[in-house]
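Data first, discussion second: the structure below is written as structure tokens.
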Amino acid sequence: MKKIAVLLIFMYVLVVGGVCLFAQERQFVRATWLWNPWLFVKDENLVLSFLQEKQVSDVYVQIDEEVSIDTYRQFIRRATEKGIRVYALDGAPNWIEYPEELERFFRWIDKYENAADVNEKFFGVHLDIEPYLHTWWRTNEQGAIASYQTVLQRGHELAKERTLRLEVDMPFWFDEVSYGSTNLAEWVIANTDGVTMMAYRDQARDIIDIVKKEMQIARKYGKQIVVGIETGQVDEGDNVSFFEEDEAYMNKQLAIVQRHYGRTKSFSGIAVHHLEQWMNRNEKISEGEMDE
């Protein structure tokens with residue numbers, strides 16, 4: 001009997017210890033959106049230093065055809081040298097009406113990748129389409145959803161042909177949008193390589209709550225979720241963005257979220273929206289400290 005008890009205790013310690021070790025050894029994503037590539041056109045060193053300081057592992061970089069391919073190559077090469085993965089970012093609500101914009105985006109990627117060296121390649125593609133901002137969503141929601149799905153399926157196909165990951169931004173409320181016998185959140189998670197959820201709240205408990213369904217769905221499909229938060233000024237309410245809170249408070253809340261989901265395989269990490277606003281917040285803090 002004692003041997004059985006000892007064995008059970010040993011197994012319990014082994015399992016719990018293994019889970020803890022798993023959580024500790026995982027390298028969580030720390031991502032951000034770089035919507036304005038002219039930031040690194042103007043001061044590449046400043047952008048890269050900030051990304052390093054904030055321990056950013058993944059950056060979604062907006063593709064602007066007015067920025068030269070060589071400029072992107074240099075930025076991505078230097079980011080890669082610092083261990084930062086770079087995704088090609090694009091998308092707009094009108095893509096559901098004009099899917100040729102997706103094709104144009106991938107033609108630019110082809111042109112870029114053909115010119116880039118190995119350490120200048122994109123790690124993946126990141127789409128932010130937000131179909132609910134298109135007028136079709138109000139006049140013909142099911143038609144808008146069908147068009148959105150077509151764009152994502154085509155994007156996934158084009159990315160796969162190029163051995164690139166396809167990740168997308170998704171609002172937390174897609175799990176409330178019906179699709180057949182399930183919901184739109186499940187469809188998006190199942191048909192992409194990864195999802196960044198726009199879990200825009202400024203308290204850990206609220207963030208944890210609004211992503212829990214998606215975490216379960218992602219686990220079902222063997223996918224992962226990056227939890228995105230907002231730092232900019234918004235009109236949707238006081239509890240949506242960290243705009244009014246300082247970074248110490250924000251980091252504390254994000255640490256709580258990460259601890260809560262740290263042992264959940266479908267949790268990939270945190271994304272801060274967006275880089276320019278994030279940098280501006282820190283610049284204001286620095287100016288305040290200098291004034292003191």
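Residues are referred to by chain and number: the chain letter is A, B, ... according to the order shown in the structure tokens, the number counts from 1 in that chain, and ligands are numbered separately from 1 in the order shown.
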Subject >> Distance query stretch 225-233 of chain A at most 9 Å, only C-alpha atoms, self and fewer than 4 positions along chain excluded, as a ChimeraX atom specification >> reply: /A:29-32,169,189,194-202,207,211,214-215,218,240-245,254,257,266-274,277-278,281
Subject >> Selection: 9 Å around stretch 35-43 of chain A, only C-alpha atoms, excl. self and same-chain fewer than 6 positions, as a list in words >> reply: Tyr60, Val61, Gln62, Ile63, Asp64, Val67, Thr71, Tyr72, Phe75, Leu89, Asp90, His274, Leu275 and Glu276 of chain A
**OP:** Record the distance separating atom CA of A:Gly91 and atom CA of A:His134, expressed in Å with one decimal.
**Re:**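 Those two atoms sit 12.5 Å apart.
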**OP:** Counting only C-alpha atoms, figure out which residue out of A:Glu186, A:Glu130, A:Glu65, A:Asp58 gets nearest to A:Arg107.
**Re:**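 Distance minimum relative to A:Arg107 lands on A:Glu65.
With only C-alpha atoms as the atoms that count, the minimum distance from A:Glu157 to the choices A:Thr182, A:Asn140, A:Asn191, A:Gln216 is reached by A:Asn191.
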Subject >> For atom CA of A:Gly83 and atom CA of A:Phe123, the interatomic separation in Å (one decimal) >> reply: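 Atom-to-atom, atom CA of A:Gly83 to atom CA of A:Phe123, that is 11.5 Å.
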**OP:** Would you kindly return, as a list in words, each protein, DNA or RNA residue with an atom no farther than 10 Å from any atom of A:Lys160, considering only C-alpha atoms and excluding same-chain residues fewer than 6 positions away?
**Re:** Gly124, Arg154, Leu166 and Asp193 of chain A
Would you mind exporting the chosen residues as a CSV table (one decimal), in the first residue's frame, restricted to N, CA and C atoms?
```csv
chain,number,residue,atom,x,y,z
A,124,GLY,N,6.1,35.3,-42.5
A,124,GLY,CA,4.8,34.9,-42.8
A,124,GLY,C,4.0,36.1,-43.3
A,154,ARG,N,-8.3,32.0,-50.2
A,154,ARG,CA,-7.3,32.3,-51.2
A,154,ARG,C,-6.0,32.8,-50.6
A,166,LEU,N,0.1,32.0,-42.7
A,166,LEU,CA,-1.0,33.0,-42.9
A,166,LEU,C,-1.6,33.2,-41.5
A,193,ASP,N,-3.4,29.8,-40.2
A,193,ASP,CA,-2.3,29.2,-39.5
A,193,ASP,C,-2.2,29.8,-38.1
```
Residues at most 6 Å from A:Ile84, counting only C-alpha atoms, excluding those fewer than 3 positions away in the same chain, as a short mmCIF file (atom, residue, chain, number, x, y, z; two decimals) with N, CA and C atoms, in the first residue's frame?
```cif
data_model
loop_
_atom_site.label_atom_id
_atom_site.label_comp_id
_atom_site.auth_asym_id
_atom_site.auth_seq_id
_atom_site.Cartn_x
_atom_site.Cartn_y
_atom_site.Cartn_z
N SER A 57 9.24 39.85 -30.30
CA SER A 57 9.71 38.68 -31.05
C SER A 57 9.16 38.65 -32.47
N ASP A 58 8.00 39.28 -32.68
CA ASP A 58 7.33 39.27 -33.98
C ASP A 58 6.80 40.67 -34.28
N ALA A 79 16.45 43.11 -38.42
CA ALA A 79 15.51 42.55 -37.44
C ALA A 79 15.79 41.06 -37.24
N THR A 80 16.02 40.36 -38.34
CA THR A 80 16.31 38.92 -38.28
C THR A 80 17.57 38.66 -37.46
#
```
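Among the candidates A:Val177, A:Trp187, A:Tyr87, A:Ser68, the one nearest to A:Trp33 when counting only C-alpha atoms is A:Tyr87.
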Subject >> Among the residues A:Met250, A:Met170, A:Thr163, A:Leu34, the one that comes closest to A:Leu184 [using only C-alpha atoms] >> reply: A:Met170
Tell me, which residues of stretch 3-246 of chain A carry DSSP alpha helix (DSSP H), written as a CSV table (one decimal) with N, CA and C atoms, in the first residue's frame?
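Okay, out_13.csv is ready:
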```csv
chain,number,residue,atom,x,y,z
A,3,LYS,N,3.9,1.5,-1.1
A,3,LYS,CA,4.5,1.6,-2.4
A,3,LYS,C,3.6,2.3,-3.4
A,4,ILE,N,2.3,1.9,-3.4
A,4,ILE,CA,1.3,2.5,-4.3
A,4,ILE,C,1.2,4.0,-4.0
A,5,ALA,N,1.2,4.4,-2.7
A,5,ALA,CA,1.0,5.8,-2.3
A,5,ALA,C,2.2,6.6,-2.8
A,6,VAL,N,3.4,6.0,-2.6
A,6,VAL,CA,4.7,6.6,-3.0
A,6,VAL,C,4.7,6.8,-4.5
A,7,LEU,N,4.2,5.8,-5.2
A,7,LEU,CA,4.2,5.8,-6.7
A,7,LEU,C,3.2,6.9,-7.2
A,8,LEU,N,2.1,7.0,-6.5
A,8,LEU,CA,1.1,8.1,-6.9
A,8,LEU,C,1.6,9.5,-6.6
A,9,ILE,N,2.3,9.6,-5.5
A,9,ILE,CA,2.9,10.9,-5.2
A,9,ILE,C,4.0,11.3,-6.2
A,10,PHE,N,4.8,10.3,-6.6
A,10,PHE,CA,5.8,10.5,-7.6
A,10,PHE,C,5.3,10.9,-8.9
A,11,MET,N,4.2,10.2,-9.3
A,11,MET,CA,3.6,10.5,-10.6
A,11,MET,C,2.9,11.9,-10.6
A,12,TYR,N,2.4,12.3,-9.4
A,12,TYR,CA,1.8,13.6,-9.3
A,12,TYR,C,2.8,14.7,-9.4
A,13,VAL,N,3.9,14.5,-8.7
A,13,VAL,CA,5.0,15.5,-8.8
A,13,VAL,C,5.6,15.6,-10.2
A,14,LEU,N,5.7,14.4,-10.8
A,14,LEU,CA,6.2,14.4,-12.2
A,14,LEU,C,5.3,15.1,-13.2
A,15,VAL,N,4.0,14.9,-13.1
A,15,VAL,CA,3.1,15.6,-14.0
A,15,VAL,C,3.0,17.1,-13.7
A,16,VAL,N,2.9,17.5,-12.4
A,16,VAL,CA,2.8,18.9,-12.1
A,16,VAL,C,4.1,19.6,-12.4
A,17,GLY,N,5.2,18.9,-12.1
A,17,GLY,CA,6.5,19.5,-12.4
A,17,GLY,C,6.7,19.7,-13.9
A,18,GLY,N,6.2,18.7,-14.6
A,18,GLY,CA,6.4,18.7,-16.1
A,18,GLY,C,5.6,19.9,-16.7
A,19,VAL,N,4.4,20.1,-16.2
A,19,VAL,CA,3.5,21.1,-16.6
A,19,VAL,C,4.1,22.5,-16.3
A,20,CYS,N,4.7,22.6,-15.1
A,20,CYS,CA,5.3,23.9,-14.7
A,20,CYS,C,6.5,24.2,-15.6
A,21,LEU,N,7.3,23.1,-15.8
A,21,LEU,CA,8.5,23.2,-16.7
A,21,LEU,C,8.1,23.6,-18.1
A,22,PHE,N,7.0,23.0,-18.6
A,22,PHE,CA,6.5,23.3,-19.9
A,22,PHE,C,6.2,24.8,-20.0
A,23,ALA,N,5.5,25.3,-19.0
A,23,ALA,CA,5.1,26.7,-19.0
A,23,ALA,C,6.4,27.7,-18.9
A,24,GLN,N,7.4,27.2,-18.1
A,24,GLN,CA,8.6,28.0,-18.0
A,24,GLN,C,9.4,28.0,-19.2
A,25,GLU,N,9.5,26.9,-19.9
A,25,GLU,CA,10.4,26.8,-21.1
A,25,GLU,C,9.8,27.4,-22.3
A,38,TRP,N,7.3,54.1,-42.7
A,38,TRP,CA,8.1,55.3,-42.9
A,38,TRP,C,8.9,55.6,-41.5
A,39,LEU,N,8.4,54.9,-40.5
A,39,LEU,CA,9.2,55.1,-39.2
A,39,LEU,C,10.6,54.6,-39.4
A,40,PHE,N,10.8,53.4,-40.0
A,40,PHE,CA,12.1,52.9,-40.2
A,40,PHE,C,12.8,53.5,-41.4
A,41,VAL,N,12.1,54.1,-42.3
A,41,VAL,CA,12.7,54.8,-43.4
A,41,VAL,C,13.4,56.0,-42.7
A,42,LYS,N,12.7,56.7,-41.8
A,42,LYS,CA,13.2,57.9,-41.1
A,42,LYS,C,14.3,57.5,-40.1
A,43,ASP,N,14.1,56.5,-39.3
A,43,ASP,CA,15.1,56.2,-38.2
A,43,ASP,C,15.0,54.7,-37.9
A,44,GLU,N,15.7,53.9,-38.7
A,44,GLU,CA,15.7,52.5,-38.5
A,44,GLU,C,16.3,52.1,-37.2
A,45,ASN,N,17.4,52.7,-36.8
A,45,ASN,CA,18.0,52.4,-35.5
A,45,ASN,C,17.1,52.6,-34.3
A,46,LEU,N,16.3,53.6,-34.3
A,46,LEU,CA,15.4,53.9,-33.3
A,46,LEU,C,14.3,52.8,-33.2
A,47,VAL,N,13.7,52.4,-34.3
A,47,VAL,CA,12.7,51.4,-34.3
A,47,VAL,C,13.2,50.1,-33.8
A,48,LEU,N,14.4,49.7,-34.3
A,48,LEU,CA,15.0,48.4,-33.9
A,48,LEU,C,15.4,48.4,-32.4
A,49,SER,N,15.9,49.5,-32.0
A,49,SER,CA,16.3,49.6,-30.5
A,49,SER,C,15.0,49.5,-29.7
A,50,PHE,N,13.9,50.1,-30.1
A,50,PHE,CA,12.7,50.0,-29.3
A,50,PHE,C,12.2,48.6,-29.3
A,51,LEU,N,12.2,47.9,-30.4
A,51,LEU,CA,11.7,46.6,-30.5
A,51,LEU,C,12.5,45.7,-29.6
A,52,GLN,N,13.8,45.9,-29.6
A,52,GLN,CA,14.7,45.1,-28.7
A,52,GLN,C,14.4,45.4,-27.2
A,53,GLU,N,14.3,46.7,-26.9
A,53,GLU,CA,14.1,47.1,-25.5
A,53,GLU,C,12.8,46.5,-25.0
A,69,ILE,N,11.9,48.3,-52.0
A,69,ILE,CA,12.2,46.9,-51.6
A,69,ILE,C,13.5,46.8,-50.9
A,70,ASP,N,14.5,47.6,-51.3
A,70,ASP,CA,15.8,47.5,-50.6
A,70,ASP,C,15.7,48.0,-49.2
A,71,THR,N,14.8,49.0,-48.9
A,71,THR,CA,14.6,49.5,-47.6
A,71,THR,C,14.0,48.4,-46.7
A,72,TYR,N,13.0,47.7,-47.2
A,72,TYR,CA,12.4,46.6,-46.5
A,72,TYR,C,13.5,45.5,-46.3
A,73,ARG,N,14.3,45.2,-47.3
A,73,ARG,CA,15.3,44.2,-47.1
A,73,ARG,C,16.3,44.5,-46.0
A,74,GLN,N,16.7,45.7,-45.9
A,74,GLN,CA,17.7,46.1,-44.9
A,74,GLN,C,17.0,46.0,-43.5
A,75,PHE,N,15.8,46.5,-43.4
A,75,PHE,CA,15.1,46.4,-42.1
A,75,PHE,C,14.9,45.0,-41.6
A,76,ILE,N,14.4,44.2,-42.5
A,76,ILE,CA,14.2,42.8,-42.2
A,76,ILE,C,15.5,42.0,-41.9
A,77,ARG,N,16.5,42.3,-42.6
A,77,ARG,CA,17.8,41.7,-42.3
A,77,ARG,C,18.3,42.0,-40.9
A,78,ARG,N,18.2,43.3,-40.6
A,78,ARG,CA,18.7,43.7,-39.2
A,78,ARG,C,17.7,43.1,-38.1
A,79,ALA,N,16.4,43.1,-38.4
A,79,ALA,CA,15.5,42.5,-37.4
A,79,ALA,C,15.8,41.1,-37.2
A,80,THR,N,16.0,40.4,-38.3
A,80,THR,CA,16.3,38.9,-38.3
A,80,THR,C,17.6,38.7,-37.5
A,81,GLU,N,18.6,39.5,-37.6
A,81,GLU,CA,19.8,39.4,-36.9
A,81,GLU,C,19.6,39.5,-35.4
A,100,GLU,N,-9.0,41.3,-55.8
A,100,GLU,CA,-7.8,41.5,-56.6
A,100,GLU,C,-6.7,42.2,-55.8
A,101,GLU,N,-7.1,42.9,-54.7
A,101,GLU,CA,-6.1,43.6,-53.9
A,101,GLU,C,-5.2,42.5,-53.2
A,102,LEU,N,-5.8,41.4,-52.8
A,102,LEU,CA,-5.1,40.3,-52.2
A,102,LEU,C,-4.0,39.8,-53.2
A,103,GLU,N,-4.5,39.6,-54.5
A,103,GLU,CA,-3.5,39.1,-55.5
A,103,GLU,C,-2.4,40.1,-55.7
A,104,ARG,N,-2.7,41.4,-55.7
A,104,ARG,CA,-1.7,42.4,-55.9
A,104,ARG,C,-0.7,42.4,-54.7
A,105,PHE,N,-1.2,42.2,-53.5
A,105,PHE,CA,-0.3,42.1,-52.3
A,105,PHE,C,0.7,40.9,-52.5
A,106,PHE,N,0.2,39.8,-52.9
A,106,PHE,CA,1.1,38.6,-53.1
A,106,PHE,C,2.0,38.8,-54.3
A,107,ARG,N,1.6,39.6,-55.3
A,107,ARG,CA,2.6,39.9,-56.4
A,107,ARG,C,3.7,40.7,-55.8
A,108,TRP,N,3.4,41.6,-54.9
A,108,TRP,CA,4.5,42.4,-54.3
A,108,TRP,C,5.4,41.5,-53.5
A,109,ILE,N,4.8,40.6,-52.8
A,109,ILE,CA,5.6,39.7,-51.9
A,109,ILE,C,6.5,38.8,-52.8
A,110,ASP,N,6.0,38.4,-54.0
A,110,ASP,CA,6.8,37.6,-54.9
A,110,ASP,C,8.0,38.4,-55.4
A,111,LYS,N,7.7,39.7,-55.8
A,111,LYS,CA,8.8,40.5,-56.2
A,111,LYS,C,9.8,40.7,-55.1
A,112,TYR,N,9.3,40.9,-53.9
A,112,TYR,CA,10.3,41.1,-52.8
A,112,TYR,C,11.1,39.9,-52.5
A,113,GLU,N,10.4,38.7,-52.4
A,113,GLU,CA,11.1,37.5,-52.0
A,113,GLU,C,12.1,37.1,-53.1
A,114,ASN,N,11.9,37.4,-54.3
A,114,ASN,CA,12.8,37.0,-55.4
A,114,ASN,C,14.1,37.9,-55.3
A,115,ALA,N,14.0,39.1,-54.7
A,115,ALA,CA,15.1,39.9,-54.6
A,115,ALA,C,15.9,39.7,-53.2
A,135,THR,N,-19.7,48.3,-45.9
A,135,THR,CA,-21.2,48.5,-45.9
A,135,THR,C,-22.0,47.2,-46.1
A,136,TRP,N,-21.3,46.2,-46.8
A,136,TRP,CA,-22.0,44.9,-47.0
A,136,TRP,C,-22.4,44.2,-45.7
A,137,TRP,N,-21.6,44.5,-44.7
A,137,TRP,CA,-21.9,43.8,-43.4
A,137,TRP,C,-23.2,44.2,-42.8
A,138,ARG,N,-23.6,45.5,-43.1
A,138,ARG,CA,-24.9,46.0,-42.6
A,138,ARG,C,-26.0,45.6,-43.6
A,139,THR,N,-25.7,45.6,-44.9
A,139,THR,CA,-26.8,45.3,-45.8
A,139,THR,C,-27.0,43.9,-46.2
A,141,GLU,N,-25.1,40.7,-44.4
A,141,GLU,CA,-24.0,40.2,-43.5
A,141,GLU,C,-23.6,38.8,-44.0
A,142,GLN,N,-24.5,37.9,-44.4
A,142,GLN,CA,-24.0,36.6,-44.8
A,142,GLN,C,-23.2,36.7,-46.1
A,143,GLY,N,-23.6,37.6,-47.0
A,143,GLY,CA,-22.8,37.7,-48.2
A,143,GLY,C,-21.4,38.3,-47.9
A,144,ALA,N,-21.4,39.2,-47.0
A,144,ALA,CA,-20.1,39.8,-46.6
A,144,ALA,C,-19.2,38.7,-46.0
A,145,ILE,N,-19.8,37.9,-45.1
A,145,ILE,CA,-19.0,36.8,-44.5
A,145,ILE,C,-18.5,35.8,-45.6
A,146,ALA,N,-19.4,35.5,-46.5
A,146,ALA,CA,-18.9,34.5,-47.6
A,146,ALA,C,-17.8,35.1,-48.4
A,147,SER,N,-17.8,36.4,-48.7
A,147,SER,CA,-16.7,37.1,-49.5
A,147,SER,C,-15.5,37.1,-48.6
A,148,TYR,N,-15.6,37.4,-47.3
A,148,TYR,CA,-14.5,37.4,-46.4
A,148,TYR,C,-13.8,36.0,-46.4
A,149,GLN,N,-14.6,35.0,-46.3
A,149,GLN,CA,-14.1,33.6,-46.2
A,149,GLN,C,-13.4,33.3,-47.5
A,150,THR,N,-13.9,33.7,-48.6
A,150,THR,CA,-13.2,33.4,-49.9
A,150,THR,C,-11.8,34.1,-50.0
A,151,VAL,N,-11.8,35.3,-49.5
A,151,VAL,CA,-10.5,36.0,-49.4
A,151,VAL,C,-9.5,35.3,-48.5
A,152,LEU,N,-9.9,34.9,-47.4
A,152,LEU,CA,-9.0,34.2,-46.4
A,152,LEU,C,-8.6,32.8,-47.0
A,153,GLN,N,-9.5,32.1,-47.6
A,153,GLN,CA,-9.1,30.8,-48.2
A,153,GLN,C,-8.1,31.0,-49.3
A,154,ARG,N,-8.3,32.0,-50.2
A,154,ARG,CA,-7.3,32.3,-51.2
A,154,ARG,C,-6.0,32.8,-50.6
A,155,GLY,N,-6.1,33.6,-49.6
A,155,GLY,CA,-4.8,34.0,-49.0
A,155,GLY,C,-4.0,32.9,-48.4
A,156,HIS,N,-4.8,31.9,-47.8
A,156,HIS,CA,-4.1,30.7,-47.2
A,156,HIS,C,-3.5,29.9,-48.3
A,157,GLU,N,-4.2,29.8,-49.4
A,157,GLU,CA,-3.6,29.0,-50.5
A,157,GLU,C,-2.4,29.7,-51.1
A,158,LEU,N,-2.4,31.0,-51.3
A,158,LEU,CA,-1.2,31.7,-51.8
A,158,LEU,C,-0.1,31.7,-50.8
A,159,ALA,N,-0.3,31.8,-49.6
A,159,ALA,CA,0.7,31.7,-48.6
A,159,ALA,C,1.4,30.4,-48.5
A,160,LYS,N,0.5,29.3,-48.6
A,160,LYS,CA,1.0,28.0,-48.5
A,160,LYS,C,1.9,27.7,-49.7
A,161,GLU,N,1.5,28.2,-50.9
A,161,GLU,CA,2.4,28.0,-52.1
A,161,GLU,C,3.7,28.5,-51.9
A,184,LEU,N,-18.3,32.1,-36.6
A,184,LEU,CA,-17.3,32.6,-37.5
A,184,LEU,C,-15.9,32.5,-36.9
A,185,ALA,N,-15.8,32.7,-35.6
A,185,ALA,CA,-14.5,32.5,-35.0
A,185,ALA,C,-13.9,31.2,-35.2
A,186,GLU,N,-14.7,30.1,-35.1
A,186,GLU,CA,-14.2,28.8,-35.3
A,186,GLU,C,-13.8,28.6,-36.7
A,187,TRP,N,-14.5,29.1,-37.7
A,187,TRP,CA,-14.2,29.0,-39.1
A,187,TRP,C,-12.8,29.7,-39.3
A,188,VAL,N,-12.6,30.9,-38.8
A,188,VAL,CA,-11.4,31.6,-39.1
A,188,VAL,C,-10.2,30.8,-38.5
A,189,ILE,N,-10.3,30.4,-37.2
A,189,ILE,CA,-9.2,29.6,-36.6
A,189,ILE,C,-8.9,28.4,-37.3
A,190,ALA,N,-9.9,27.7,-37.8
A,190,ALA,CA,-9.7,26.4,-38.5
A,190,ALA,C,-9.1,26.6,-39.9
A,204,ALA,N,-6.9,42.6,-16.9
A,204,ALA,CA,-6.6,41.2,-17.2
A,204,ALA,C,-7.8,40.3,-17.1
A,205,ARG,N,-8.6,40.5,-16.1
A,205,ARG,CA,-9.7,39.6,-15.9
A,205,ARG,C,-10.7,39.6,-17.1
A,206,ASP,N,-10.8,40.8,-17.7
A,206,ASP,CA,-11.7,41.0,-18.9
A,206,ASP,C,-11.1,40.4,-20.1
A,207,ILE,N,-9.8,40.6,-20.3
A,207,ILE,CA,-9.1,40.0,-21.4
A,207,ILE,C,-9.1,38.4,-21.3
A,208,ILE,N,-8.9,37.9,-20.2
A,208,ILE,CA,-8.9,36.5,-20.0
A,208,ILE,C,-10.3,35.9,-20.3
A,209,ASP,N,-11.3,36.6,-19.9
A,209,ASP,CA,-12.7,36.1,-20.2
A,209,ASP,C,-13.1,36.2,-21.6
A,210,ILE,N,-12.7,37.2,-22.4
A,210,ILE,CA,-13.2,37.3,-23.7
A,210,ILE,C,-12.5,36.5,-24.7
A,211,VAL,N,-11.4,35.9,-24.3
A,211,VAL,CA,-10.6,35.0,-25.3
A,211,VAL,C,-10.8,33.5,-24.9
A,212,LYS,N,-11.5,33.2,-23.8
A,212,LYS,CA,-11.5,31.8,-23.4
A,212,LYS,C,-12.1,30.8,-24.4
A,213,LYS,N,-13.2,31.3,-25.1
A,213,LYS,CA,-13.8,30.4,-26.0
A,213,LYS,C,-12.9,30.1,-27.2
A,214,GLU,N,-12.2,31.2,-27.6
A,214,GLU,CA,-11.3,31.0,-28.8
A,214,GLU,C,-10.1,30.1,-28.4
A,215,MET,N,-9.6,30.2,-27.1
A,215,MET,CA,-8.6,29.3,-26.7
A,215,MET,C,-9.0,27.8,-26.8
A,216,GLN,N,-10.2,27.6,-26.4
A,216,GLN,CA,-10.8,26.2,-26.5
A,216,GLN,C,-10.9,25.7,-28.0
A,217,ILE,N,-11.4,26.6,-28.8
A,217,ILE,CA,-11.5,26.3,-30.2
A,217,ILE,C,-10.1,26.0,-30.9
A,218,ALA,N,-9.2,26.9,-30.6
A,218,ALA,CA,-7.8,26.7,-31.1
A,218,ALA,C,-7.2,25.4,-30.7
A,219,ARG,N,-7.4,25.0,-29.4
A,219,ARG,CA,-6.9,23.8,-28.9
A,219,ARG,C,-7.5,22.6,-29.7
A,220,LYS,N,-8.8,22.7,-30.0
A,220,LYS,CA,-9.5,21.7,-30.8
A,220,LYS,C,-8.8,21.5,-32.2
A,221,TYR,N,-8.3,22.5,-32.8
A,221,TYR,CA,-7.8,22.5,-34.1
A,221,TYR,C,-6.2,22.4,-34.1
```
**OP:** Could you check how far atom CA of A:Lys54 sits from atom CA of A:Ala248, in Å to one decimal?
**Re:**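 About the pair atom CA of A:Lys54 and atom CA of A:Ala248: they are 12.4 Å apart.
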**OP:** Output as a ChimeraX atom specification all residues of stretch 152-208 of chain A that backbone DSSP marks as strand (DSSP E).
**Re:** /A:165-171,178-179,182-183,194-198
Output for the residues just chosen: C-alpha atoms as an mmCIF file, in the first residue's frame:
```
data_model
loop_
_atom_site.group_PDB
_atom_site.id
_atom_site.type_symbol
_atom_site.label_atom_id
_atom_site.label_comp_id
_atom_site.auth_asym_id
_atom_site.auth_seq_id
_atom_site.Cartn_x
_atom_site.Cartn_y
_atom_site.Cartn_z
ATOM 1 C CA ARG A 165 2.378 31.252 -42.531
ATOM 2 C CA LEU A 166 -0.959 33.011 -42.881
ATOM 3 C CA GLU A 167 -2.104 34.760 -39.730
ATOM 4 C CA VAL A 168 -5.090 37.073 -39.357
ATOM 5 C CA ASP A 169 -6.508 39.615 -36.949
ATOM 6 C CA MET A 170 -9.910 38.767 -35.507
ATOM 7 C CA PRO A 171 -12.227 40.605 -33.081
ATOM 8 C CA SER A 178 -23.278 32.304 -36.501
ATOM 9 C CA TYR A 179 -21.856 30.272 -39.353
ATOM 10 C CA THR A 182 -20.849 26.796 -35.502
ATOM 11 C CA ASN A 183 -19.549 30.395 -35.495
ATOM 12 C CA GLY A 194 -2.736 31.530 -36.540
ATOM 13 C CA VAL A 195 -4.994 34.246 -35.159
ATOM 14 C CA THR A 196 -4.282 37.455 -33.292
ATOM 15 C CA MET A 197 -7.376 38.311 -31.299
ATOM 16 C CA MET A 198 -8.279 41.932 -30.835
#
```
